[in-house]
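For reference, final36.pdb is printed below; it contains PDB, C-alpha atoms, pLDDT in the B column.
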ATOM      1  CA  MET A  45       0.000   0.000   0.000  1.00 44.00           C
ATOM      2  CA  GLY A  46       1.052   3.613  -0.023  1.00 50.00           C
ATOM      3  CA  GLY A  47       1.012   6.520  -2.406  1.00 56.00           C
ATOM      4  CA  PRO A  48       3.104   7.274  -5.448  1.00 62.00           C
ATOM      5  CA  LYS A  49       6.564   5.727  -5.307  1.00 59.00           C
ATOM      6  CA  GLU A  50       9.964   7.257  -5.835  1.00 55.00           C
ATOM      7  CA  LEU A  51      11.460   6.378  -9.182  1.00 54.00           C
ATOM      8  CA  PRO A  52      14.605   4.228  -9.000  1.00 52.00           C
ATOM      9  CA  LYS A  53      17.854   5.918 -10.066  1.00 49.00           C
ATOM     10  CA  VAL A  54      19.366   4.837 -13.353  1.00 46.00           C
ATOM     11  CA  GLU A  55      22.326   6.138 -15.280  1.00 48.00           C
ATOM     12  CA  THR A  56      21.630   8.826 -17.835  1.00 45.00           C
ATOM     13  CA  PRO A  57      22.774   7.917 -21.333  1.00 43.00           C
ATOM     14  CA  ASP A  58      25.479  10.117 -22.830  1.00 45.00           C
ATOM     15  CA  TRP A  59      23.139  11.590 -25.396  1.00 38.00           C
ATOM     16  CA  LEU A  60      20.960  13.022 -22.631  1.00 43.00           C
ATOM     17  CA  SER A  61      23.732  14.183 -20.298  1.00 43.00           C
ATOM     18  CA  ASP A  62      24.500  17.868 -19.867  1.00 43.00           C
ATOM     19  CA  GLY A  63      26.395  19.128 -22.868  1.00 41.00           C
ATOM     20  CA  ALA A  64      25.964  15.901 -24.768  1.00 41.00           C
ATOM     21  CA  GLY A  65      23.479  15.237 -27.488  1.00 43.00           C
ATOM     22  CA  GLU A  66      22.941  18.908 -28.204  1.00 47.00           C
ATOM     23  CA  ALA A  67      21.172  19.509 -31.469  1.00 46.00           C
ATOM     24  CA  THR A  68      23.403  20.388 -34.382  1.00 47.00           C
ATOM     25  CA  ALA A  69      22.647  23.350 -36.591  1.00 47.00           C
ATOM     26  CA  ALA A  70      21.179  20.968 -39.141  1.00 47.00           C
ATOM     27  CA  GLU A  71      18.805  19.614 -36.529  1.00 47.00           C
ATOM     28  CA  THR A  72      17.596  22.939 -35.209  1.00 46.00           C
ATOM     29  CA  GLY A  73      14.790  24.987 -36.603  1.00 46.00           C
ATOM     30  CA  GLU A  74      15.010  28.300 -38.364  1.00 48.00           C
ATOM     31  CA  SER A  75      15.505  30.302 -35.177  1.00 52.00           C
ATOM     32  CA  GLY A  76      17.826  27.761 -33.622  1.00 59.00           C
ATOM     33  CA  ASP A  77      15.642  27.626 -30.508  1.00 88.00           C
ATOM     34  CA  PHE A  78      13.945  24.366 -31.413  1.00 95.00           C
ATOM     35  CA  THR A  79      15.059  21.097 -32.916  1.00 95.00           C
ATOM     36  CA  THR A  80      13.519  19.770 -36.108  1.00 96.00           C
ATOM     37  CA  VAL A  81      11.383  17.389 -34.072  1.00 96.00           C
ATOM     38  CA  GLU A  82      10.215  20.222 -31.825  1.00 97.00           C
ATOM     39  CA  ARG A  83       9.383  22.361 -34.866  1.00 97.00           C
ATOM     40  CA  ALA A  84       7.256  19.506 -36.206  1.00 97.00           C
ATOM     41  CA  VAL A  85       5.479  19.284 -32.849  1.00 98.00           C
ATOM     42  CA  ILE A  86       4.745  23.024 -32.905  1.00 98.00           C
ATOM     43  CA  ASP A  87       3.424  22.774 -36.472  1.00 97.00           C
ATOM     44  CA  GLU A  88       1.151  19.878 -35.556  1.00 98.00           C
ATOM     45  CA  ALA A  89      -0.078  21.700 -32.447  1.00 98.00           C
ATOM     46  CA  ARG A  90      -0.868  24.762 -34.563  1.00 98.00           C
ATOM     47  CA  THR A  91      -2.852  22.594 -36.986  1.00 98.00           C
ATOM     48  CA  ILE A  92      -4.766  20.903 -34.169  1.00 98.00           C
ATOM     49  CA  LEU A  93      -5.563  24.086 -32.265  1.00 98.00           C
ATOM     50  CA  SER A  94      -6.881  25.872 -35.362  1.00 98.00           C
ATOM     51  CA  SER A  95      -8.953  22.948 -36.608  1.00 98.00           C
ATOM     52  CA  PRO A  96     -12.755  22.605 -36.582  1.00 98.00           C
ATOM     53  CA  GLU A  97     -12.228  19.368 -34.683  1.00 98.00           C
ATOM     54  CA  PHE A  98     -10.620  21.260 -31.823  1.00 98.00           C
ATOM     55  CA  GLU A  99     -13.628  23.577 -31.767  1.00 98.00           C
ATOM     56  CA  ALA A 100     -15.657  20.392 -31.233  1.00 98.00           C
ATOM     57  CA  ILE A 101     -13.462  19.533 -28.264  1.00 98.00           C
ATOM     58  CA  LYS A 102     -13.980  22.981 -26.769  1.00 98.00           C
ATOM     59  CA  ALA A 103     -17.737  22.670 -27.307  1.00 98.00           C
ATOM     60  CA  ALA A 104     -17.721  19.249 -25.675  1.00 98.00           C
ATOM     61  CA  HIS A 105     -15.847  20.676 -22.674  1.00 98.00           C
ATOM     62  CA  ALA A 106     -18.385  23.492 -22.367  1.00 97.00           C
ATOM     63  CA  ALA A 107     -21.204  20.952 -22.500  1.00 98.00           C
ATOM     64  CA  GLY A 108     -19.533  18.505 -20.132  1.00 97.00           C
ATOM     65  CA  GLU A 109     -19.563  15.793 -22.772  1.00 98.00           C
ATOM     66  CA  GLY A 110     -16.936  13.482 -24.181  1.00 98.00           C
ATOM     67  CA  VAL A 111     -15.851  13.541 -27.817  1.00 98.00           C
ATOM     68  CA  LEU A 112     -13.399  11.701 -30.049  1.00 98.00           C
ATOM     69  CA  VAL A 113     -11.821  13.541 -32.981  1.00 98.00           C
ATOM     70  CA  GLU A 114      -9.046  12.988 -35.490  1.00 98.00           C
ATOM     71  CA  VAL A 115      -6.878  15.808 -36.821  1.00 97.00           C
ATOM     72  CA  GLY A 116      -4.330  15.010 -39.502  1.00 95.00           C
ATOM     73  CA  GLY A 117      -4.286  11.378 -38.458  1.00 95.00           C
ATOM     74  CA  ARG A 118      -3.877  12.180 -34.746  1.00 98.00           C
ATOM     75  CA  THR A 119      -6.628  10.833 -32.508  1.00 98.00           C
ATOM     76  CA  ILE A 120      -7.619  13.058 -29.587  1.00 98.00           C
ATOM     77  CA  GLN A 121     -10.283  12.226 -27.031  1.00 98.00           C
ATOM     78  CA  TYR A 122     -11.868  14.667 -24.601  1.00 98.00           C
ATOM     79  CA  GLU A 123     -12.886  13.070 -21.307  1.00 98.00           C
ATOM     80  CA  PRO A 124     -14.830  15.341 -18.925  1.00 96.00           C
ATOM     81  CA  GLY A 125     -14.558  12.686 -16.220  1.00 95.00           C
ATOM     82  CA  MET A 126     -10.762  12.728 -16.198  1.00 97.00           C
ATOM     83  CA  PRO A 127      -9.422  14.967 -13.390  1.00 96.00           C
ATOM     84  CA  ALA A 128      -6.229  15.715 -15.303  1.00 98.00           C
ATOM     85  CA  ALA A 129      -5.102  17.934 -18.176  1.00 98.00           C
ATOM     86  CA  GLY A 130      -3.811  15.185 -20.439  1.00 98.00           C
ATOM     87  CA  PHE A 131      -3.107  11.514 -20.795  1.00 98.00           C
ATOM     88  CA  THR A 132      -0.570  10.099 -23.232  1.00 97.00           C
ATOM     89  CA  LEU A 133      -1.553   6.864 -24.980  1.00 97.00           C
ATOM     90  CA  PHE A 134       1.771   5.688 -26.393  1.00 95.00           C
ATOM     91  CA  GLU A 135       0.662   2.525 -28.180  1.00 94.00           C
ATOM     92  CA  GLU A 136      -2.269   4.321 -29.808  1.00 95.00           C
ATOM     93  CA  ASP A 137      -0.005   7.310 -30.642  1.00 96.00           C
ATOM     94  CA  ALA A 138      -2.869   9.408 -29.357  1.00 98.00           C
ATOM     95  CA  PHE A 139      -3.779  11.473 -26.320  1.00 98.00           C
ATOM     96  CA  VAL A 140      -6.687  12.337 -24.090  1.00 98.00           C
ATOM     97  CA  MET A 141      -7.564  15.795 -22.812  1.00 98.00           C
ATOM     98  CA  GLY A 142      -9.287  16.162 -19.466  1.00 98.00           C
ATOM     99  CA  ARG A 143     -11.145  19.059 -17.947  1.00 96.00           C
ATOM    100  CA  GLU A 144      -7.984  20.545 -16.382  1.00 96.00           C
ATOM    101  CA  ALA A 145      -6.750  21.217 -19.910  1.00 97.00           C
ATOM    102  CA  PHE A 146      -9.138  24.161 -19.931  1.00 97.00           C
ATOM    103  CA  ALA A 147      -8.270  25.565 -16.501  1.00 95.00           C
ATOM    104  CA  THR A 148      -6.684  28.703 -17.990  1.00 94.00           C
ATOM    105  CA  PRO A 149      -6.753  30.303 -21.471  1.00 95.00           C
ATOM    106  CA  GLU A 150      -3.210  29.038 -22.206  1.00 95.00           C
ATOM    107  CA  GLU A 151      -3.724  25.555 -20.822  1.00 96.00           C
ATOM    108  CA  PRO A 152      -5.284  23.945 -23.936  1.00 98.00           C
ATOM    109  CA  ALA A 153      -2.282  24.910 -26.074  1.00 98.00           C
ATOM    110  CA  LYS A 154       0.228  23.893 -23.413  1.00 97.00           C
ATOM    111  CA  THR A 155      -1.514  20.551 -22.963  1.00 98.00           C
ATOM    112  CA  VAL A 156      -1.498  19.825 -26.700  1.00 98.00           C
ATOM    113  CA  LEU A 157       2.188  20.804 -26.946  1.00 98.00           C
ATOM    114  CA  HIS A 158       3.097  18.685 -23.911  1.00 98.00           C
ATOM    115  CA  GLU A 159       1.248  15.619 -25.176  1.00 98.00           C
ATOM    116  CA  LEU A 160       2.648  15.870 -28.714  1.00 98.00           C
ATOM    117  CA  HIS A 161       6.172  16.353 -27.341  1.00 97.00           C
ATOM    118  CA  ARG A 162       5.735  13.245 -25.222  1.00 96.00           C
ATOM    119  CA  LEU A 163       4.544  11.189 -28.185  1.00 97.00           C
ATOM    120  CA  ALA A 164       7.357  12.464 -30.418  1.00 96.00           C
ATOM    121  CA  THR A 165      10.284  12.125 -28.040  1.00 93.00           C
ATOM    122  CA  SER A 166       9.583   9.907 -25.040  1.00 87.00           C
ATOM    123  CA  GLN A 167      11.240   6.578 -24.369  1.00 84.00           C
ATOM    124  CA  ALA A 168       8.992   5.915 -21.386  1.00 77.00           C
ATOM    125  CA  ALA A 169       6.833   3.564 -23.427  1.00 73.00           C
ATOM    126  CA  ASP A 170       9.881   1.379 -24.005  1.00 74.00           C
ATOM    127  CA  GLY A 171      10.178   0.660 -20.310  1.00 68.00           C
ATOM    128  CA  VAL A 172      12.882   3.251 -19.604  1.00 66.00           C
ATOM    129  CA  HIS A 173      12.424   4.758 -16.155  1.00 68.00           C
ATOM    130  CA  GLY A 174      14.345   6.541 -13.442  1.00 74.00           C
ATOM    131  CA  GLU A 175      16.465   9.618 -14.073  1.00 80.00           C
ATOM    132  CA  LEU A 176      15.869   9.528 -17.823  1.00 83.00           C
ATOM    133  CA  VAL A 177      12.117   9.757 -17.364  1.00 81.00           C
ATOM    134  CA  THR A 178      12.546  12.541 -14.816  1.00 86.00           C
ATOM    135  CA  LYS A 179      14.522  14.495 -17.420  1.00 91.00           C
ATOM    136  CA  GLU A 180      11.890  13.762 -20.048  1.00 93.00           C
ATOM    137  CA  THR A 181       9.211  15.158 -17.760  1.00 94.00           C
ATOM    138  CA  ALA A 182      11.161  18.373 -17.175  1.00 95.00           C
ATOM    139  CA  SER A 183      11.866  18.629 -20.898  1.00 95.00           C
ATOM    140  CA  ALA A 184       8.194  18.272 -21.848  1.00 96.00           C
ATOM    141  CA  PHE A 185       7.074  20.941 -19.363  1.00 97.00           C
ATOM    142  CA  GLU A 186       9.875  23.291 -20.410  1.00 96.00           C
ATOM    143  CA  PHE A 187       9.130  22.775 -24.095  1.00 97.00           C
ATOM    144  CA  ALA A 188       5.433  23.561 -23.672  1.00 97.00           C
ATOM    145  CA  GLU A 189       6.258  26.793 -21.837  1.00 95.00           C
ATOM    146  CA  ARG A 190       8.634  27.924 -24.608  1.00 96.00           C
ATOM    147  CA  ALA A 191       6.645  26.669 -27.569  1.00 97.00           C
ATOM    148  CA  VAL A 192       3.322  28.211 -26.572  1.00 96.00           C
ATOM    149  CA  GLU A 193       4.867  31.557 -27.516  1.00 93.00           C
ATOM    150  CA  GLU A 194       5.327  30.252 -31.075  1.00 93.00           C
ATOM    151  CA  LEU A 195       1.656  29.514 -31.659  1.00 91.00           C
TER
ATOM    152  CA  MET B 134      -9.719   3.946 -29.964  1.00 90.00           C
ATOM    153  CA  ARG B 135      -8.733   0.335 -29.444  1.00 94.00           C
ATOM    154  CA  PRO B 136     -10.375  -1.564 -26.565  1.00 95.00           C
ATOM    155  CA  GLU B 137      -7.065  -1.572 -24.700  1.00 96.00           C
ATOM    156  CA  SER B 138      -6.828   2.210 -24.980  1.00 97.00           C
ATOM    157  CA  LEU B 139     -10.327   2.572 -23.580  1.00 97.00           C
ATOM    158  CA  LYS B 140      -9.265   0.443 -20.614  1.00 97.00           C
ATOM    159  CA  TRP B 141      -6.236   2.708 -20.134  1.00 98.00           C
ATOM    160  CA  ILE B 142      -8.487   5.756 -20.110  1.00 98.00           C
ATOM    161  CA  GLU B 143     -10.687   4.208 -17.438  1.00 97.00           C
ATOM    162  CA  ALA B 144      -7.589   3.279 -15.421  1.00 98.00           C
ATOM    163  CA  ALA B 145      -6.273   6.835 -15.778  1.00 98.00           C
ATOM    164  CA  LYS B 146      -9.533   8.335 -14.554  1.00 98.00           C
ATOM    165  CA  VAL B 147      -9.398   6.175 -11.434  1.00 98.00           C
ATOM    166  CA  LEU B 148      -5.698   6.752 -10.709  1.00 98.00           C
ATOM    167  CA  ALA B 149      -5.874  10.475 -11.416  1.00 98.00           C
ATOM    168  CA  ALA B 150      -8.421  10.751  -8.639  1.00 96.00           C
ATOM    169  CA  ASP B 151      -6.850   8.190  -6.298  1.00 97.00           C
ATOM    170  CA  PRO B 152      -3.209   7.154  -6.828  1.00 97.00           C
ATOM    171  CA  GLU B 153      -3.562   4.417  -4.226  1.00 97.00           C
ATOM    172  CA  ALA B 154      -6.380   2.644  -6.061  1.00 98.00           C
ATOM    173  CA  LYS B 155      -5.709  -0.908  -7.188  1.00 98.00           C
ATOM    174  CA  VAL B 156      -6.086  -1.039 -10.953  1.00 98.00           C
ATOM    175  CA  HIS B 157      -5.057  -3.974 -13.102  1.00 97.00           C
ATOM    176  CA  CYS B 158      -2.756  -3.366 -16.068  1.00 97.00           C
ATOM    177  CA  PRO B 159      -5.039  -2.723 -19.068  1.00 97.00           C
ATOM    178  CA  LYS B 160      -2.572  -4.415 -21.422  1.00 93.00           C
ATOM    179  CA  ASN B 161      -2.155  -7.866 -19.904  1.00 90.00           C
ATOM    180  CA  GLU B 162      -4.044  -7.636 -16.608  1.00 89.00           C
ATOM    181  CA  ASP B 163      -1.001  -9.329 -15.073  1.00 85.00           C
ATOM    182  CA  GLU B 164      -0.265  -6.875 -12.244  1.00 95.00           C
ATOM    183  CA  PHE B 165      -1.659  -3.803 -10.533  1.00 97.00           C
ATOM    184  CA  LEU B 166      -0.416  -0.557 -12.061  1.00 97.00           C
ATOM    185  CA  GLU B 167       2.226   1.334 -10.088  1.00 96.00           C
ATOM    186  CA  VAL B 168       2.004   5.111  -9.811  1.00 96.00           C
ATOM    187  CA  HIS B 169       5.024   7.429  -9.896  1.00 94.00           C
ATOM    188  CA  ASP B 170       4.565  11.175  -9.601  1.00 95.00           C
ATOM    189  CA  VAL B 171       7.259  13.231 -11.341  1.00 94.00           C
ATOM    190  CA  PRO B 172       7.090  16.985 -10.592  1.00 94.00           C
ATOM    191  CA  ASN B 173       7.757  19.840 -12.964  1.00 95.00           C
ATOM    192  CA  PRO B 174      10.999  21.329 -11.550  1.00 93.00           C
ATOM    193  CA  ALA B 175       9.887  24.789 -12.650  1.00 93.00           C
ATOM    194  CA  ASP B 176       6.408  24.608 -11.143  1.00 92.00           C
ATOM    195  CA  PRO B 177       5.718  22.327  -8.184  1.00 87.00           C
ATOM    196  CA  ASP B 178       1.988  22.603  -8.804  1.00 91.00           C
ATOM    197  CA  GLN B 179       2.380  20.649 -12.045  1.00 95.00           C
ATOM    198  CA  PHE B 180       3.425  17.039 -12.314  1.00 97.00           C
ATOM    199  CA  GLU B 181       3.193  13.937 -14.434  1.00 96.00           C
ATOM    200  CA  ARG B 182       1.692  10.773 -13.012  1.00 97.00           C
ATOM    201  CA  HIS B 183       3.337   7.763 -14.636  1.00 95.00           C
ATOM    202  CA  LEU B 184       1.208   4.605 -14.692  1.00 96.00           C
ATOM    203  CA  ILE B 185       3.521   1.610 -15.020  1.00 94.00           C
ATOM    204  CA  CYS B 186       2.839  -2.116 -15.000  1.00 94.00           C
ATOM    205  CA  PRO B 187       5.588  -3.838 -12.994  1.00 93.00           C
ATOM    206  CA  GLY B 188       4.836  -7.052 -14.855  1.00 93.00           C
ATOM    207  CA  CYS B 189       4.881  -6.196 -18.559  1.00 92.00           C
ATOM    208  CA  GLY B 190       6.292  -2.658 -18.353  1.00 91.00           C
ATOM    209  CA  ALA B 191       3.346  -1.030 -20.118  1.00 93.00           C
ATOM    210  CA  THR B 192       3.405   2.700 -19.415  1.00 93.00           C
ATOM    211  CA  ASN B 193       1.222   5.728 -20.018  1.00 96.00           C
ATOM    212  CA  ILE B 194       1.388   9.192 -18.487  1.00 96.00           C
ATOM    213  CA  LEU B 195      -1.095  11.628 -16.948  1.00 98.00           C
ATOM    214  CA  LEU B 196      -0.456  15.380 -17.044  1.00 98.00           C
ATOM    215  CA  MET B 197      -1.790  16.871 -13.829  1.00 97.00           C
ATOM    216  CA  ARG B 198      -2.003  19.858 -11.523  1.00 87.00           C
ATOM    217  CA  LYS B 199      -2.179  19.732  -7.756  1.00 82.00           C
ATOM    218  CA  SER B 200      -5.750  20.410  -6.732  1.00 69.00           C
TER
END

Could you write out this structure as structure tokens?
Amino acid sequence: MGGPKELPKVETPDWLSDGAGEATAAETGESGDFTTVERAVIDEARTILSSPEFEAIKAAHAAGEGVLVEVGGRTIQYEPGMPAAGFTLFEEDAFVMGREAFATPEEPAKTVLHELHRLATSQAADGVHGELVTKETASAFEFAERAVEEL
Amino acid sequence: MRPESLKWIEAAKVLAADPEAKVHCPKNEDEFLEVHDVPNPADPDQFERHLICPGCGATNILLMRKS
């Protein structure tokens, strides 16, 4: 019994260590602030957030109803009964938005960015845990904060 | 959504509300899911709740705020 557990410590691979694995110029976006993968995430988030399907999600939230949509091949479900902002479904390559995703005006965009970043970059679904996952969590939050300014 | 994904969503709803709940792994139903909360270093009110099966390793992640 007991609440959430501490993650066991594991060694961080070289590519994720400080100073290692930094994106090369070829991998960064036009401004150099984002990698190619991150640029693709921002582009997809922009497409999702401006889509009629996302308007359906917002309408479902306002009505307290669930809805399942697909935008550019990405499946997104809104679940009013989920007391969370988002939920990453790795094997489905999809994500769920909960009611907390609409807690503030910026939260929908940050949630979409966070979930897409997770799906694009995370190794958590491959059973990698510990320090690596802790870094991935920090990276996803940090990315969403930076990238929301790009939308 | 695949049936397994729908089971994950139901598991996430339960464990988002109560991290101590006993929920079977939606993938293989071999073990109860473990819950690991990983905070956002820049904002302690935000965290991820990692749902991990200790048996098969299946993992999915909730994005949450402290209520």

| message | Using only C-alpha atoms and a distance of at most 10 Å, pull out the residues of chain A that contact chain B, as a VMD selection string. | response | chain A and resid 45 to 51 112 119 to 121 123 to 136 138 to 142 144 to 145 147 155 158 to 159 162 168 to 174 177 to 186

>> Since I can't run it myself right now, could you work out what the PyMOL selection byres ((chain A and resi 81) around 10) selects here and report it as a list in words?
In response: Glu71, Thr72, Gly73, Phe78, Thr79, Thr80, Glu82, Arg83, Ala84, Val85, Ile86, Asp87, His161, Ala164 and Thr165 of chain A

Restricting the output to C-alpha atoms, write the selected residues as a PDB file, in the frame of the given file.
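As a result, again.pdb now contains:
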ATOM      1  CA  GLU A  71      18.805  19.614 -36.529  1.00 47.00           C
ATOM      2  CA  THR A  72      17.596  22.939 -35.209  1.00 46.00           C
ATOM      3  CA  GLY A  73      14.790  24.987 -36.603  1.00 46.00           C
ATOM      4  CA  PHE A  78      13.945  24.366 -31.413  1.00 95.00           C
ATOM      5  CA  THR A  79      15.059  21.097 -32.916  1.00 95.00           C
ATOM      6  CA  THR A  80      13.519  19.770 -36.108  1.00 96.00           C
ATOM      7  CA  GLU A  82      10.215  20.222 -31.825  1.00 97.00           C
ATOM      8  CA  ARG A  83       9.383  22.361 -34.866  1.00 97.00           C
ATOM      9  CA  ALA A  84       7.256  19.506 -36.206  1.00 97.00           C
ATOM     10  CA  VAL A  85       5.479  19.284 -32.849  1.00 98.00           C
ATOM     11  CA  ILE A  86       4.745  23.024 -32.905  1.00 98.00           C
ATOM     12  CA  ASP A  87       3.424  22.774 -36.472  1.00 97.00           C
ATOM     13  CA  HIS A 161       6.172  16.353 -27.341  1.00 97.00           C
ATOM     14  CA  ALA A 164       7.357  12.464 -30.418  1.00 96.00           C
ATOM     15  CA  THR A 165      10.284  12.125 -28.040  1.00 93.00           C
TER      16      THR A 165
END

Contacts of Glu164 of chain B within 6 Å, only C-alpha atoms, excl. fewer than 4 positions in-chain, as a PyMOL selection string | chain B and resi 157-158+188

Taking C-alpha atoms for each residue, export the selection above as a PDB file, in the coordinates of the input.
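Written out: result_25.pdb:
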ATOM      1  CA  HIS B 157      -5.057  -3.974 -13.102  1.00 97.00           C
ATOM      2  CA  CYS B 158      -2.756  -3.366 -16.068  1.00 97.00           C
ATOM      3  CA  GLY B 188       4.836  -7.052 -14.855  1.00 93.00           C
TER       4      GLY B 188
END

Have a look at atom CA of Pro177 of chain B and atom CA of Glu194 of chain A and let me know their distance in Å, one decimal.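 Separation of atom CA of Pro177 of chain B and atom CA of Glu194 of chain A: 24.2 Å.
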
Next on the checklist: What does the structure give for the distance between atom CA of Pro136 of chain B and atom CA of Pro152 of chain A, in Å to one decimal?
Outcome noted: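 Result for atom CA of Pro136 of chain B versus atom CA of Pro152 of chain A: 26.1 Å, one decimal.
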
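When atom CA of Ala107 of chain A is paired with atom CA of Lys140 of chain B, their separation reads 23.8 Å.
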
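Considering all atoms listed in the file, the residue among A:Asp137, A:Glu189, A:Glu99, A:Asp77 positioned nearest to Leu160 of chain A is A:Asp137.
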